[in-house]
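Peer 1: See structure00.csv below, with CSV, C-alpha atoms.
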chain,number,residue,atom,x,y,z
A,1,MET,CA,10.6,-52.2,-11.9
A,2,ARG,CA,14.1,-51.4,-12.9
A,3,LEU,CA,14.9,-47.7,-13.4
A,4,HIS,CA,16.0,-46.6,-16.8
A,5,ALA,CA,18.8,-44.2,-17.3
A,6,ILE,CA,17.7,-40.6,-17.5
A,7,SER,CA,18.7,-38.8,-20.7
A,8,PRO,CA,20.8,-35.7,-20.3
A,9,ARG,CA,18.4,-33.9,-22.7
A,10,LEU,CA,15.6,-34.0,-20.2
A,11,SER,CA,14.1,-30.7,-19.2
A,12,CYS,CA,13.8,-29.5,-15.6
A,13,ARG,CA,10.0,-30.2,-15.7
A,14,GLN,CA,10.7,-33.8,-16.6
A,15,VAL,CA,13.3,-34.1,-13.9
A,16,LEU,CA,10.7,-32.8,-11.4
A,17,SER,CA,8.3,-35.3,-12.6
A,18,HIS,CA,10.8,-38.0,-12.0
A,19,CYS,CA,11.3,-36.7,-8.5
A,20,ARG,CA,7.6,-37.1,-7.8
A,21,ASN,CA,7.2,-40.5,-9.4
A,22,TRP,CA,10.6,-42.2,-9.7
A,23,ARG,CA,9.1,-45.5,-10.9
A,24,GLN,CA,7.7,-44.0,-14.0
A,25,ARG,CA,9.8,-44.1,-17.2
A,26,LEU,CA,10.2,-40.6,-18.6
A,27,SER,CA,9.7,-39.7,-22.2
A,28,HIS,CA,12.6,-38.0,-23.9
A,29,ASP,CA,12.5,-34.2,-24.5
A,30,ARG,CA,13.8,-33.3,-27.9
A,31,GLU,CA,13.8,-29.6,-27.1
A,32,LYS,CA,16.8,-27.7,-25.8
A,33,PRO,CA,17.1,-28.0,-22.1
A,34,ARG,CA,16.3,-25.0,-19.9
A,35,ALA,CA,19.2,-22.8,-18.8
A,36,GLY,CA,18.9,-24.1,-15.2
A,37,CYS,CA,16.9,-26.0,-12.7
A,38,SER,CA,15.9,-24.9,-9.2
A,39,LYS,CA,18.2,-25.9,-6.4
A,40,GLU,CA,15.3,-27.9,-4.8
A,41,CYS,CA,14.8,-29.8,-8.1
A,42,VAL,CA,18.5,-30.8,-8.4
A,43,GLN,CA,18.7,-31.8,-4.7
A,44,ALA,CA,15.6,-34.0,-4.9
A,45,THR,CA,16.8,-35.6,-8.1
A,46,SER,CA,20.3,-36.4,-6.9
A,47,ALA,CA,19.1,-39.4,-4.9
A,48,VAL,CA,17.4,-40.9,-7.9
A,49,PRO,CA,19.3,-43.8,-9.5
A,50,GLY,CA,20.5,-42.8,-13.0
A,51,ALA,CA,20.2,-39.1,-12.3
A,52,SER,CA,23.9,-38.2,-12.4
A,53,SER,CA,23.9,-38.0,-16.2
A,54,VAL,CA,21.2,-35.3,-16.0
A,55,LEU,CA,22.8,-33.4,-13.2
A,56,ARG,CA,26.1,-33.1,-15.0
A,57,ASN,CA,24.3,-31.2,-17.7
A,58,VAL,CA,22.1,-29.0,-15.5
A,59,SER,CA,23.1,-25.7,-14.0
A,60,ILE,CA,21.6,-24.9,-10.6
A,61,ARG,CA,19.2,-21.9,-10.7
A,62,GLU,CA,19.1,-20.3,-7.3
A,63,PRO,CA,15.7,-19.0,-6.2
A,64,PRO,CA,15.3,-15.2,-6.5
A,65,THR,CA,16.6,-13.4,-3.5
A,66,SER,CA,17.6,-9.9,-4.4
A,67,LEU,CA,14.9,-7.2,-4.2
A,68,GLU,CA,15.1,-6.6,-7.9
A,69,GLU,CA,14.6,-10.3,-8.7
A,70,LEU,CA,11.7,-10.6,-6.3
A,71,MET,CA,10.1,-7.5,-7.9
A,72,GLN,CA,10.6,-9.1,-11.3
A,73,VAL,CA,8.9,-12.3,-10.2
A,74,SER,CA,5.9,-10.6,-8.6
A,75,GLY,CA,5.4,-8.2,-11.6
A,76,THR,CA,5.1,-5.1,-9.5
A,77,ASP,CA,5.4,-1.9,-11.5
A,78,LYS,CA,7.8,-0.5,-8.9
A,79,LEU,CA,10.4,-2.2,-11.1
A,80,TRP,CA,9.4,-2.2,-14.7
A,81,ARG,CA,7.6,1.2,-14.8
A,82,HIS,CA,9.0,3.4,-12.1
A,83,GLY,CA,12.4,1.9,-11.4
A,84,TYR,CA,12.1,2.3,-7.7
A,85,HIS,CA,14.3,-0.7,-7.1
A,86,ARG,CA,17.3,1.6,-7.7
A,87,TYR,CA,16.5,3.3,-4.4
A,88,TYR,CA,14.8,0.6,-2.4
A,89,LYS,CA,17.7,-1.8,-2.4
A,90,ASP,CA,19.6,0.7,-0.3
A,91,ILE,CA,16.7,2.1,1.7
A,92,LEU,CA,15.3,-1.2,2.8
A,93,SER,CA,18.5,-3.4,3.2
A,94,GLU,CA,18.9,-2.7,6.9
A,95,PHE,CA,15.4,-3.9,7.7
A,96,ARG,CA,15.5,-7.2,5.6
A,97,GLU,CA,16.6,-9.5,8.4
A,98,LYS,CA,15.4,-7.4,11.4
A,99,ASP,CA,13.3,-9.5,13.8
A,100,GLY,CA,9.7,-8.4,14.1
A,101,VAL,CA,9.9,-5.8,11.3
A,102,ARG,CA,6.5,-4.3,10.3
A,103,ILE,CA,5.6,-2.9,6.9
A,104,LEU,CA,2.6,-0.8,5.9
A,105,GLU,CA,1.9,0.0,2.3
A,106,ILE,CA,-1.0,2.3,1.3
A,107,GLY,CA,-2.5,1.4,-2.0
A,108,VAL,CA,-1.5,-2.1,-2.9
A,109,GLU,CA,-4.0,-2.6,-5.8
A,110,HIS,CA,-3.7,-6.3,-6.8
A,111,GLY,CA,-1.1,-7.1,-4.2
A,112,ARG,CA,2.0,-7.7,-6.3
A,113,SER,CA,4.2,-5.5,-4.1
A,114,LEU,CA,3.1,-7.2,-0.9
A,115,ILE,CA,4.2,-10.5,-2.4
A,116,THR,CA,7.6,-8.9,-2.8
A,117,TRP,CA,7.7,-7.6,0.8
A,118,ALA,CA,6.5,-10.9,2.2
A,119,LYS,CA,9.4,-12.7,0.5
A,120,TYR,CA,12.0,-10.0,1.1
A,121,PHE,CA,11.5,-9.3,4.8
A,122,VAL,CA,12.3,-12.8,6.1
A,123,ASN,CA,11.9,-12.1,9.8
A,124,SER,CA,8.8,-9.9,9.7
A,125,ALA,CA,6.3,-10.0,12.6
A,126,SER,CA,3.3,-12.4,12.5
A,127,ASP,CA,1.2,-9.5,11.2
A,128,GLY,CA,4.1,-7.6,9.7
A,129,ILE,CA,3.1,-7.1,6.1
A,130,GLN,CA,0.0,-5.0,5.9
A,131,GLY,CA,-1.6,-3.2,2.9
A,132,VAL,CA,-4.5,-0.8,2.4
A,133,VAL,CA,-6.6,-1.5,-0.7
A,134,PHE,CA,-8.7,1.0,-2.6
A,135,GLY,CA,-11.3,-0.5,-5.0
A,136,HIS,CA,-9.3,-3.7,-5.4
A,137,ASP,CA,-9.2,-7.0,-3.6
A,138,GLY,CA,-5.6,-8.1,-3.9
A,139,ASP,CA,-6.6,-10.7,-6.4
A,140,VAL,CA,-3.1,-11.4,-7.6
A,141,LEU,CA,-1.8,-11.7,-4.1
A,142,GLN,CA,-4.5,-14.2,-3.2
A,143,SER,CA,-3.9,-16.3,-6.3
A,144,VAL,CA,-0.1,-16.5,-5.7
A,145,CYS,CA,-0.5,-17.4,-2.0
A,146,GLN,CA,-3.0,-20.1,-2.9
A,147,LYS,CA,-0.6,-21.5,-5.5
A,148,GLU,CA,2.8,-21.1,-3.7
A,149,ASN,CA,1.8,-20.8,-0.1
A,150,PHE,CA,5.2,-19.4,0.8
A,151,PRO,CA,5.8,-18.7,4.5
A,152,GLY,CA,5.2,-14.9,4.3
A,153,CYS,CA,1.6,-15.4,3.1
A,154,GLN,CA,0.4,-16.0,6.6
A,155,LYS,CA,1.9,-12.6,7.6
A,156,ILE,CA,0.0,-10.5,5.1
A,157,LYS,CA,-3.1,-8.6,6.1
A,158,LEU,CA,-5.3,-6.6,3.8
A,159,PHE,CA,-7.9,-4.0,4.7
A,160,SER,CA,-9.8,-1.3,3.1
A,161,GLY,CA,-9.3,2.4,3.9
A,162,ASP,CA,-9.6,6.0,3.1
A,163,GLN,CA,-6.4,7.9,2.6
A,164,SER,CA,-7.9,11.1,3.7
A,165,ASP,CA,-8.5,9.6,7.1
A,166,PRO,CA,-5.5,7.3,7.9
A,167,THR,CA,-6.0,7.2,11.7
A,168,GLU,CA,-7.2,3.6,11.6
A,169,TRP,CA,-3.7,2.4,10.5
A,170,ILE,CA,-1.7,3.7,13.4
A,171,GLU,CA,-1.7,0.7,15.8
A,172,GLY,CA,1.5,-1.3,16.4
A,173,GLY,CA,4.1,1.0,15.0
A,174,TRP,CA,5.9,0.6,11.7
A,175,ASP,CA,9.5,0.2,10.5
A,176,VAL,CA,8.6,1.0,6.9
A,177,VAL,CA,5.6,2.9,5.6
A,178,ILE,CA,5.1,3.2,1.8
A,179,ASP,CA,2.5,5.6,0.5
A,180,ASP,CA,1.5,4.3,-3.0
A,181,GLY,CA,-2.0,5.5,-2.6
A,182,SER,CA,-4.0,8.1,-4.4
A,183,HIS,CA,-0.9,10.2,-5.3
A,184,LEU,CA,-3.0,13.3,-4.5
A,185,PRO,CA,-0.6,15.8,-2.9
A,186,ARG,CA,-3.1,16.7,-0.1
A,187,HIS,CA,-3.6,13.1,0.7
A,188,GLN,CA,0.2,12.5,0.7
A,189,LEU,CA,0.6,15.3,3.2
A,190,THR,CA,-2.3,14.1,5.4
A,191,SER,CA,-1.0,10.6,5.6
A,192,PHE,CA,2.5,11.7,6.4
A,193,ALA,CA,1.5,14.0,9.1
A,194,SER,CA,-0.8,11.4,10.6
A,195,LEU,CA,1.4,8.3,10.3
A,196,PHE,CA,5.0,9.5,10.8
A,197,PRO,CA,4.7,9.8,14.6
A,198,PHE,CA,4.0,6.1,14.6
A,199,VAL,CA,7.1,5.1,12.6
A,200,ARG,CA,9.6,3.4,14.9
A,201,PRO,CA,13.0,5.0,15.7
A,202,GLY,CA,15.3,4.5,12.7
A,203,GLY,CA,12.3,3.6,10.5
A,204,VAL,CA,11.6,5.1,7.1
A,205,TYR,CA,8.5,6.7,5.5
A,206,ILE,CA,8.4,6.5,1.7
A,207,VAL,CA,6.1,8.5,-0.6
A,208,GLU,CA,5.8,7.3,-4.2
A,209,GLY,CA,4.2,9.1,-7.1
A,210,ILE,CA,5.3,12.6,-6.2
A,211,GLU,CA,5.1,13.7,-9.9
A,212,THR,CA,1.5,14.9,-9.3
A,213,SER,CA,2.9,17.9,-7.4
A,214,TYR,CA,4.1,19.2,-10.8
A,215,PHE,CA,0.8,18.7,-12.6
A,216,ASP,CA,-0.8,22.2,-13.1
A,217,ALA,CA,-3.1,21.5,-16.1
A,218,THR,CA,-6.8,22.3,-15.5
A,219,PHE,CA,-7.7,18.7,-16.6
A,220,ALA,CA,-5.1,17.0,-14.4
A,221,GLU,CA,-6.5,14.2,-12.2
A,222,ILE,CA,-5.3,11.0,-10.7
A,223,TYR,CA,-7.5,8.0,-9.8
A,224,GLY,CA,-10.6,10.1,-10.2
A,225,TYR,CA,-9.3,12.9,-8.0
A,226,LYS,CA,-8.9,16.4,-9.5
A,227,ILE,CA,-5.4,17.8,-8.9
A,228,LYS,CA,-5.8,21.4,-7.7
A,229,LYS,CA,-3.2,24.1,-7.1
A,230,ALA,CA,-0.2,21.9,-8.0
A,231,GLY,CA,2.6,22.9,-10.2
A,232,ILE,CA,6.3,23.6,-9.9
A,233,GLY,CA,7.1,26.2,-7.3
A,234,ARG,CA,3.5,26.4,-6.0
A,235,PRO,CA,3.0,26.3,-2.3
A,236,PRO,CA,1.6,23.5,-0.2
A,237,PRO,CA,-0.8,21.9,0.4
A,238,GLY,CA,-1.4,21.6,-3.4
A,239,ASN,CA,2.2,20.8,-3.8
A,240,PHE,CA,3.5,18.0,-1.6
A,241,VAL,CA,7.1,18.3,-2.8
A,242,GLU,CA,7.4,21.9,-1.7
A,243,LYS,CA,6.3,21.0,1.8
A,244,MET,CA,9.0,18.3,1.9
A,245,LYS,CA,11.6,20.8,0.7
A,246,GLN,CA,10.8,22.9,3.8
A,247,LEU,CA,11.7,19.9,6.0
A,248,VAL,CA,15.4,20.4,4.9
A,249,ASP,CA,15.4,23.6,6.9
A,250,VAL,CA,13.7,21.8,9.8
A,251,VAL,CA,16.4,19.2,9.9
A,252,ASN,CA,19.1,22.0,9.9
A,253,ARG,CA,17.2,24.4,12.2
A,254,HIS,CA,20.1,24.3,14.7
A,255,TRP,CA,22.4,26.0,12.2
A,256,PHE,CA,20.2,29.1,12.0
A,257,TYR,CA,19.7,28.9,15.8
A,258,ARG,CA,16.0,28.3,15.8
A,259,PRO,CA,15.7,24.9,17.5
A,260,GLU,CA,11.9,25.4,17.8
A,261,PHE,CA,11.4,25.9,14.1
A,262,SER,CA,8.8,23.6,12.6
A,263,VAL,CA,6.5,23.4,9.6
A,264,LEU,CA,4.4,20.4,10.6
A,265,GLY,CA,4.6,20.5,14.4
A,266,GLY,CA,7.5,19.4,16.6
A,267,LEU,CA,6.0,16.0,17.3
A,268,ILE,CA,6.2,15.3,13.6
A,269,ASP,CA,9.2,17.0,12.0
A,270,HIS,CA,11.5,17.3,15.0
A,271,GLU,CA,11.7,13.5,14.8
A,272,ILE,CA,13.1,13.6,11.3
A,273,ARG,CA,16.7,12.4,10.9
A,274,SER,CA,17.0,12.9,7.2
A,275,ILE,CA,15.0,13.5,4.1
A,276,SER,CA,16.0,12.3,0.6
A,277,PHE,CA,14.7,12.9,-2.9
A,278,GLY,CA,14.8,10.5,-5.8
A,279,GLY,CA,13.1,10.2,-9.2
A,280,GLY,CA,9.4,9.9,-8.4
A,281,LEU,CA,9.7,9.4,-4.7
A,282,ILE,CA,10.8,10.9,-1.4
A,283,TRP,CA,11.9,9.0,1.8
A,284,ILE,CA,12.1,10.4,5.3
A,285,GLN,CA,14.0,8.6,8.0
A,286,LYS,CA,13.0,8.9,11.7
A,287,SER,CA,15.7,9.7,14.3
A,288,TYR,CA,17.3,6.9,16.4
A,289,LYS,CA,17.4,7.4,20.1
A,290,SER,CA,21.2,7.7,19.7
A,291,ASP,CA,20.7,10.9,17.7
A,292,ASP,CA,19.7,12.7,20.9
A,293,GLY,CA,22.1,15.5,21.7
A,294,PHE,CA,23.3,16.1,18.1
A,295,PRO,CA,24.4,18.3,16.5
A,296,LYS,CA,26.9,19.6,19.0
A,297,ASP,CA,27.6,23.4,19.3
A,298,LEU,CA,30.4,24.3,16.9
A,299,GLY,CA,31.1,27.6,18.6
A,300,PHE,CA,29.3,29.9,16.2
A,301,SER,CA,27.1,32.6,17.6
A,302,ARG,CA,23.4,33.3,16.9
A,303,ALA,CA,24.5,36.5,15.1
A,304,HIS,CA,25.6,34.4,12.1
A,305,ALA,CA,21.9,34.0,11.2
A,306,SER,CA,19.9,37.2,11.3
A,307,ASP,CA,16.5,37.6,12.9
A,308,GLU,CA,15.3,39.7,10.1
A,309,LEU,CA,15.8,37.1,7.4
A,310,PHE,CA,14.3,34.4,9.6
A,311,SER,CA,11.2,36.6,10.2
A,312,SER,CA,10.9,37.2,6.4
A,313,HIS,CA,11.0,33.4,5.9
A,314,LEU,CA,8.2,32.9,8.4
A,315,SER,CA,6.2,35.5,6.8
A,316,LYS,CA,6.4,33.7,3.5
A,317,LEU,CA,5.4,30.4,5.1
A,318,SER,CA,2.4,32.1,6.7
A,319,THR,CA,0.9,32.8,3.2
A,320,GLU,CA,0.3,29.1,2.6
A,321,GLU,CA,-3.2,27.9,2.5
A,322,PRO,CA,-4.0,26.6,6.0
A,323,CYS,CA,-4.4,22.9,6.5
A,324,GLU,CA,-7.1,22.2,9.0
A,325,TRP,CA,-5.8,18.7,9.6
A,326,LEU,CA,-2.3,19.8,10.5
A,327,LYS,CA,-1.0,21.5,13.6
A,328,GLN,CA,1.5,24.0,12.1
A,329,GLY,CA,3.4,24.9,15.3
A,330,ARG,CA,6.0,27.1,13.5
A,331,GLY,CA,8.5,28.7,15.9
A,332,ALA,CA,8.8,32.4,16.0
Starting from the file, lay out its structure as structure tokens.

Peer 2:
Amino acid sequence: MRLHAISPRLSCRQVLSHCRNWRQRLSHDREKPRAGCSKECVQATSAVPGASSVLRNVSIREPPTSLEELMQVSGTDKLWRHGYHRYYKDILSEFREKDGVRILEIGVEHGRSLITWAKYFVNSASDGIQGVVFGHDGDVLQSVCQKENFPGCQKIKLFSGDQSDPTEWIEGGWDVVIDDGSHLPRHQLTSFASLFPFVRPGGVYIVEGIETSYFDATFAEIYGYKIKKAGIGRPPPGNFVEKMKQLVDVVNRHWFYRPEFSVLGGLIDHEIRSISFGGGLIWIQKSYKSDDGFPKDLGFSRAHASDELFSSHLSKLSTEEPCEWLKQGRGA
């Protein structure tokens, strides 16, 4: 059968159909052509006789590669509702092509964000994309993987869990941990204290949904959990944000000459390199091995920071409600 010339008015879908069955004559599309065709579509069509007239009128649409584009395709509310992409593009960029990178997300619901991570982290470990589900089965994730079967699908692992007892998620170490779980301040603090020791050097721990630390209404609840003792300025553990603010002092403890100072225990907070606050989320980076020995002594004496004021600060911290699941380890 002789091939007929392809009309320049054909849509990308019709061009793809021609790619799959080049012997079949295509019907003409009277509608306006799409803005662009995928790169794969154009490459496959270029070898088909008579395709040049189509390709001259088709712009190549590259597959989504930026984090924002991948989030848009997956439909995760990290983009359209929360706008976390504004922060994630900088936080996660250094891990994107890292060999063997491992990601843990707590609270993946239907799995849309895991689709994003599986496509974004191109060199993740064979089990490098893991998610904890609560009351959901990752149905969107399963559907997309069955339909697209992109390479990252084989690296995703889902399992059920209880955020009040996160010890079962500690194996293997993590480069990135994202807490998008219950959003209950006490749970956020429990998970951070339990999991941060297992973040790899230079890795990052991200807590989403920190707005609940400000909810002081008697009826306030999240995912069926009552939010108790939260509200602006209220102490931990009812307020997760306030505990994270204390870590700013831990990171800078050398400048008031108390290298032993800790609010979560030295095995946890003495490993913190930096802590950052954004709209709706907090991220904490773990120290690199190369951070050892810093900061250097700048020549100031301990007299620049008084014992009296430090003791007063410790006294204030001691009034917090004790957390049985945390080792406080505050230096005196």

Peer 1: Measuring between only C-alpha atoms, which one of A:Asp162, A:His270, A:Glu68, A:Lys157 shows the shortest distance to A:Ile284?

Peer 2: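 Using only C-alpha atoms, A:Ile284 sits closest to A:His270.
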
Peer 1: In Å, with one decimal, what is the gap from atom CA of A:Leu281 to atom CA of A:Tyr84?

Peer 2: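 Separation between atom CA of A:Leu281 and atom CA of A:Tyr84: 8.1 Å.
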
Peer 1: Taking all atoms listed in the file into account, name the residue in A:Glu321, A:Arg273, A:Tyr257, A:Leu267 that is nearest to A:Asp297.

Peer 2: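 Using all atoms listed in the file, the shortest distance to A:Asp297 belongs to A:Tyr257.
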
Peer 1: Using atom CA of A:Val73 and atom CA of A:Asn149 as the two end points, give the distance in Å to one decimal.

Peer 2: 15.0 Å

Peer 1: Could you tell me which of A:Phe215, A:Gln142, A:Val241, A:Leu114 comes closest to A:Gly278 if we count only C-alpha atoms?

Peer 2: A:Val241

Peer 1: Rebuild stretch 224-259 of chain A so that it carries N, CA and C atoms, then output the result as a PDB file, in the coordinates of the input.

Peer 2:
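Final output, saved to rebuild-v8.pdb:
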ATOM      1  N   GLY A 224      -9.326   9.487 -10.410  1.00  0.00           N
ATOM      2  CA  GLY A 224     -10.600  10.100 -10.200  1.00  0.00           C
ATOM      3  C   GLY A 224     -10.594  11.393  -9.379  1.00  0.00           C
ATOM      4  N   TYR A 225      -9.436  11.724  -8.799  1.00  0.00           N
ATOM      5  CA  TYR A 225      -9.300  12.900  -8.000  1.00  0.00           C
ATOM      6  C   TYR A 225      -8.782  14.079  -8.873  1.00  0.00           C
ATOM      7  N   LYS A 226      -9.405  15.245  -8.777  1.00  0.00           N
ATOM      8  CA  LYS A 226      -8.900  16.400  -9.500  1.00  0.00           C
ATOM      9  C   LYS A 226      -7.650  16.934  -8.718  1.00  0.00           C
ATOM     10  N   ILE A 227      -6.604  17.209  -9.452  1.00  0.00           N
ATOM     11  CA  ILE A 227      -5.400  17.800  -8.900  1.00  0.00           C
ATOM     12  C   ILE A 227      -5.468  19.283  -8.936  1.00  0.00           C
ATOM     13  N   LYS A 228      -5.547  19.915  -7.783  1.00  0.00           N
ATOM     14  CA  LYS A 228      -5.800  21.400  -7.700  1.00  0.00           C
ATOM     15  C   LYS A 228      -4.565  22.054  -7.068  1.00  0.00           C
ATOM     16  N   LYS A 229      -4.225  23.218  -7.612  1.00  0.00           N
ATOM     17  CA  LYS A 229      -3.200  24.100  -7.100  1.00  0.00           C
ATOM     18  C   LYS A 229      -1.830  23.453  -6.963  1.00  0.00           C
ATOM     19  N   ALA A 230      -1.577  22.512  -7.871  1.00  0.00           N
ATOM     20  CA  ALA A 230      -0.200  21.900  -8.000  1.00  0.00           C
ATOM     21  C   ALA A 230       0.545  22.653  -9.046  1.00  0.00           C
ATOM     22  N   GLY A 231       1.781  22.286  -9.248  1.00  0.00           N
ATOM     23  CA  GLY A 231       2.600  22.900 -10.200  1.00  0.00           C
ATOM     24  C   GLY A 231       3.954  23.320  -9.636  1.00  0.00           C
ATOM     25  N   ILE A 232       4.992  23.345 -10.450  1.00  0.00           N
ATOM     26  CA  ILE A 232       6.300  23.600  -9.900  1.00  0.00           C
ATOM     27  C   ILE A 232       6.392  24.969  -9.228  1.00  0.00           C
ATOM     28  N   GLY A 233       6.920  24.951  -8.031  1.00  0.00           N
ATOM     29  CA  GLY A 233       7.100  26.200  -7.300  1.00  0.00           C
ATOM     30  C   GLY A 233       5.862  26.631  -6.507  1.00  0.00           C
ATOM     31  N   ARG A 234       4.714  26.022  -6.761  1.00  0.00           N
ATOM     32  CA  ARG A 234       3.500  26.400  -6.000  1.00  0.00           C
ATOM     33  C   ARG A 234       3.560  25.927  -4.605  1.00  0.00           C
ATOM     34  N   PRO A 235       2.913  26.648  -3.702  1.00  0.00           N
ATOM     35  CA  PRO A 235       3.000  26.300  -2.300  1.00  0.00           C
ATOM     36  C   PRO A 235       2.179  25.115  -1.889  1.00  0.00           C
ATOM     37  N   PRO A 236       2.475  24.518  -0.736  1.00  0.00           N
ATOM     38  CA  PRO A 236       1.600  23.500  -0.200  1.00  0.00           C
ATOM     39  C   PRO A 236       0.282  24.115   0.245  1.00  0.00           C
ATOM     40  N   PRO A 237      -0.763  23.321   0.453  1.00  0.00           N
ATOM     41  CA  PRO A 237      -0.800  21.900   0.400  1.00  0.00           C
ATOM     42  C   PRO A 237      -1.029  21.277  -0.996  1.00  0.00           C
ATOM     43  N   GLY A 238      -1.235  22.153  -2.010  1.00  0.00           N
ATOM     44  CA  GLY A 238      -1.400  21.600  -3.400  1.00  0.00           C
ATOM     45  C   GLY A 238      -0.187  21.002  -3.930  1.00  0.00           C
ATOM     46  N   ASN A 239       0.962  21.352  -3.380  1.00  0.00           N
ATOM     47  CA  ASN A 239       2.200  20.800  -3.800  1.00  0.00           C
ATOM     48  C   ASN A 239       2.927  20.123  -2.644  1.00  0.00           C
ATOM     49  N   PHE A 240       2.920  18.818  -2.640  1.00  0.00           N
ATOM     50  CA  PHE A 240       3.500  18.000  -1.600  1.00  0.00           C
ATOM     51  C   PHE A 240       5.040  18.181  -1.540  1.00  0.00           C
ATOM     52  N   VAL A 241       5.654  18.226  -2.714  1.00  0.00           N
ATOM     53  CA  VAL A 241       7.100  18.300  -2.800  1.00  0.00           C
ATOM     54  C   VAL A 241       7.627  19.574  -2.125  1.00  0.00           C
ATOM     55  N   GLU A 242       6.930  20.684  -2.306  1.00  0.00           N
ATOM     56  CA  GLU A 242       7.400  21.900  -1.700  1.00  0.00           C
ATOM     57  C   GLU A 242       7.350  21.852  -0.168  1.00  0.00           C
ATOM     58  N   LYS A 243       6.366  21.169   0.383  1.00  0.00           N
ATOM     59  CA  LYS A 243       6.300  21.000   1.800  1.00  0.00           C
ATOM     60  C   LYS A 243       7.507  20.142   2.301  1.00  0.00           C
ATOM     61  N   MET A 244       7.857  19.128   1.528  1.00  0.00           N
ATOM     62  CA  MET A 244       9.000  18.300   1.900  1.00  0.00           C
ATOM     63  C   MET A 244      10.312  19.064   1.789  1.00  0.00           C
ATOM     64  N   LYS A 245      10.405  19.981   0.846  1.00  0.00           N
ATOM     65  CA  LYS A 245      11.600  20.800   0.700  1.00  0.00           C
ATOM     66  C   LYS A 245      11.792  21.643   2.019  1.00  0.00           C
ATOM     67  N   GLN A 246      10.687  22.088   2.608  1.00  0.00           N
ATOM     68  CA  GLN A 246      10.800  22.900   3.800  1.00  0.00           C
ATOM     69  C   GLN A 246      11.372  22.074   4.983  1.00  0.00           C
ATOM     70  N   LEU A 247      11.215  20.764   4.925  1.00  0.00           N
ATOM     71  CA  LEU A 247      11.700  19.900   6.000  1.00  0.00           C
ATOM     72  C   LEU A 247      13.274  19.909   6.008  1.00  0.00           C
ATOM     73  N   VAL A 248      13.890  20.253   4.885  1.00  0.00           N
ATOM     74  CA  VAL A 248      15.400  20.400   4.900  1.00  0.00           C
ATOM     75  C   VAL A 248      15.790  21.436   5.861  1.00  0.00           C
ATOM     76  N   ASP A 249      15.042  22.530   5.922  1.00  0.00           N
ATOM     77  CA  ASP A 249      15.400  23.600   6.900  1.00  0.00           C
ATOM     78  C   ASP A 249      15.080  23.136   8.320  1.00  0.00           C
ATOM     79  N   VAL A 250      14.038  22.337   8.499  1.00  0.00           N
ATOM     80  CA  VAL A 250      13.700  21.800   9.800  1.00  0.00           C
ATOM     81  C   VAL A 250      14.866  20.959  10.359  1.00  0.00           C
ATOM     82  N   VAL A 251      15.351  20.064   9.508  1.00  0.00           N
ATOM     83  CA  VAL A 251      16.400  19.200   9.900  1.00  0.00           C
ATOM     84  C   VAL A 251      17.693  19.984  10.272  1.00  0.00           C
ATOM     85  N   ASN A 252      17.874  21.127   9.629  1.00  0.00           N
ATOM     86  CA  ASN A 252      19.100  22.000   9.900  1.00  0.00           C
ATOM     87  C   ASN A 252      18.755  23.218  10.682  1.00  0.00           C
ATOM     88  N   ARG A 253      17.670  23.182  11.434  1.00  0.00           N
ATOM     89  CA  ARG A 253      17.200  24.400  12.200  1.00  0.00           C
ATOM     90  C   ARG A 253      18.258  24.850  13.207  1.00  0.00           C
ATOM     91  N   HIS A 254      19.101  23.939  13.679  1.00  0.00           N
ATOM     92  CA  HIS A 254      20.100  24.300  14.700  1.00  0.00           C
ATOM     93  C   HIS A 254      21.138  25.283  14.105  1.00  0.00           C
ATOM     94  N   TRP A 255      21.322  25.236  12.792  1.00  0.00           N
ATOM     95  CA  TRP A 255      22.400  26.000  12.200  1.00  0.00           C
ATOM     96  C   TRP A 255      21.935  27.467  11.893  1.00  0.00           C
ATOM     97  N   PHE A 256      20.630  27.739  11.984  1.00  0.00           N
ATOM     98  CA  PHE A 256      20.200  29.100  12.000  1.00  0.00           C
ATOM     99  C   PHE A 256      19.610  29.491  13.362  1.00  0.00           C
ATOM    100  N   TYR A 257      19.953  28.656  14.347  1.00  0.00           N
ATOM    101  CA  TYR A 257      19.700  28.900  15.800  1.00  0.00           C
ATOM    102  C   TYR A 257      18.231  29.144  16.088  1.00  0.00           C
ATOM    103  N   ARG A 258      17.399  28.264  15.520  1.00  0.00           N
ATOM    104  CA  ARG A 258      16.000  28.300  15.800  1.00  0.00           C
ATOM    105  C   ARG A 258      15.550  26.838  16.117  1.00  0.00           C
ATOM    106  N   PRO A 259      15.968  26.267  17.250  1.00  0.00           N
ATOM    107  CA  PRO A 259      15.700  24.900  17.500  1.00  0.00           C
ATOM    108  C   PRO A 259      14.164  24.585  17.618  1.00  0.00           C
TER     109      PRO A 259
END
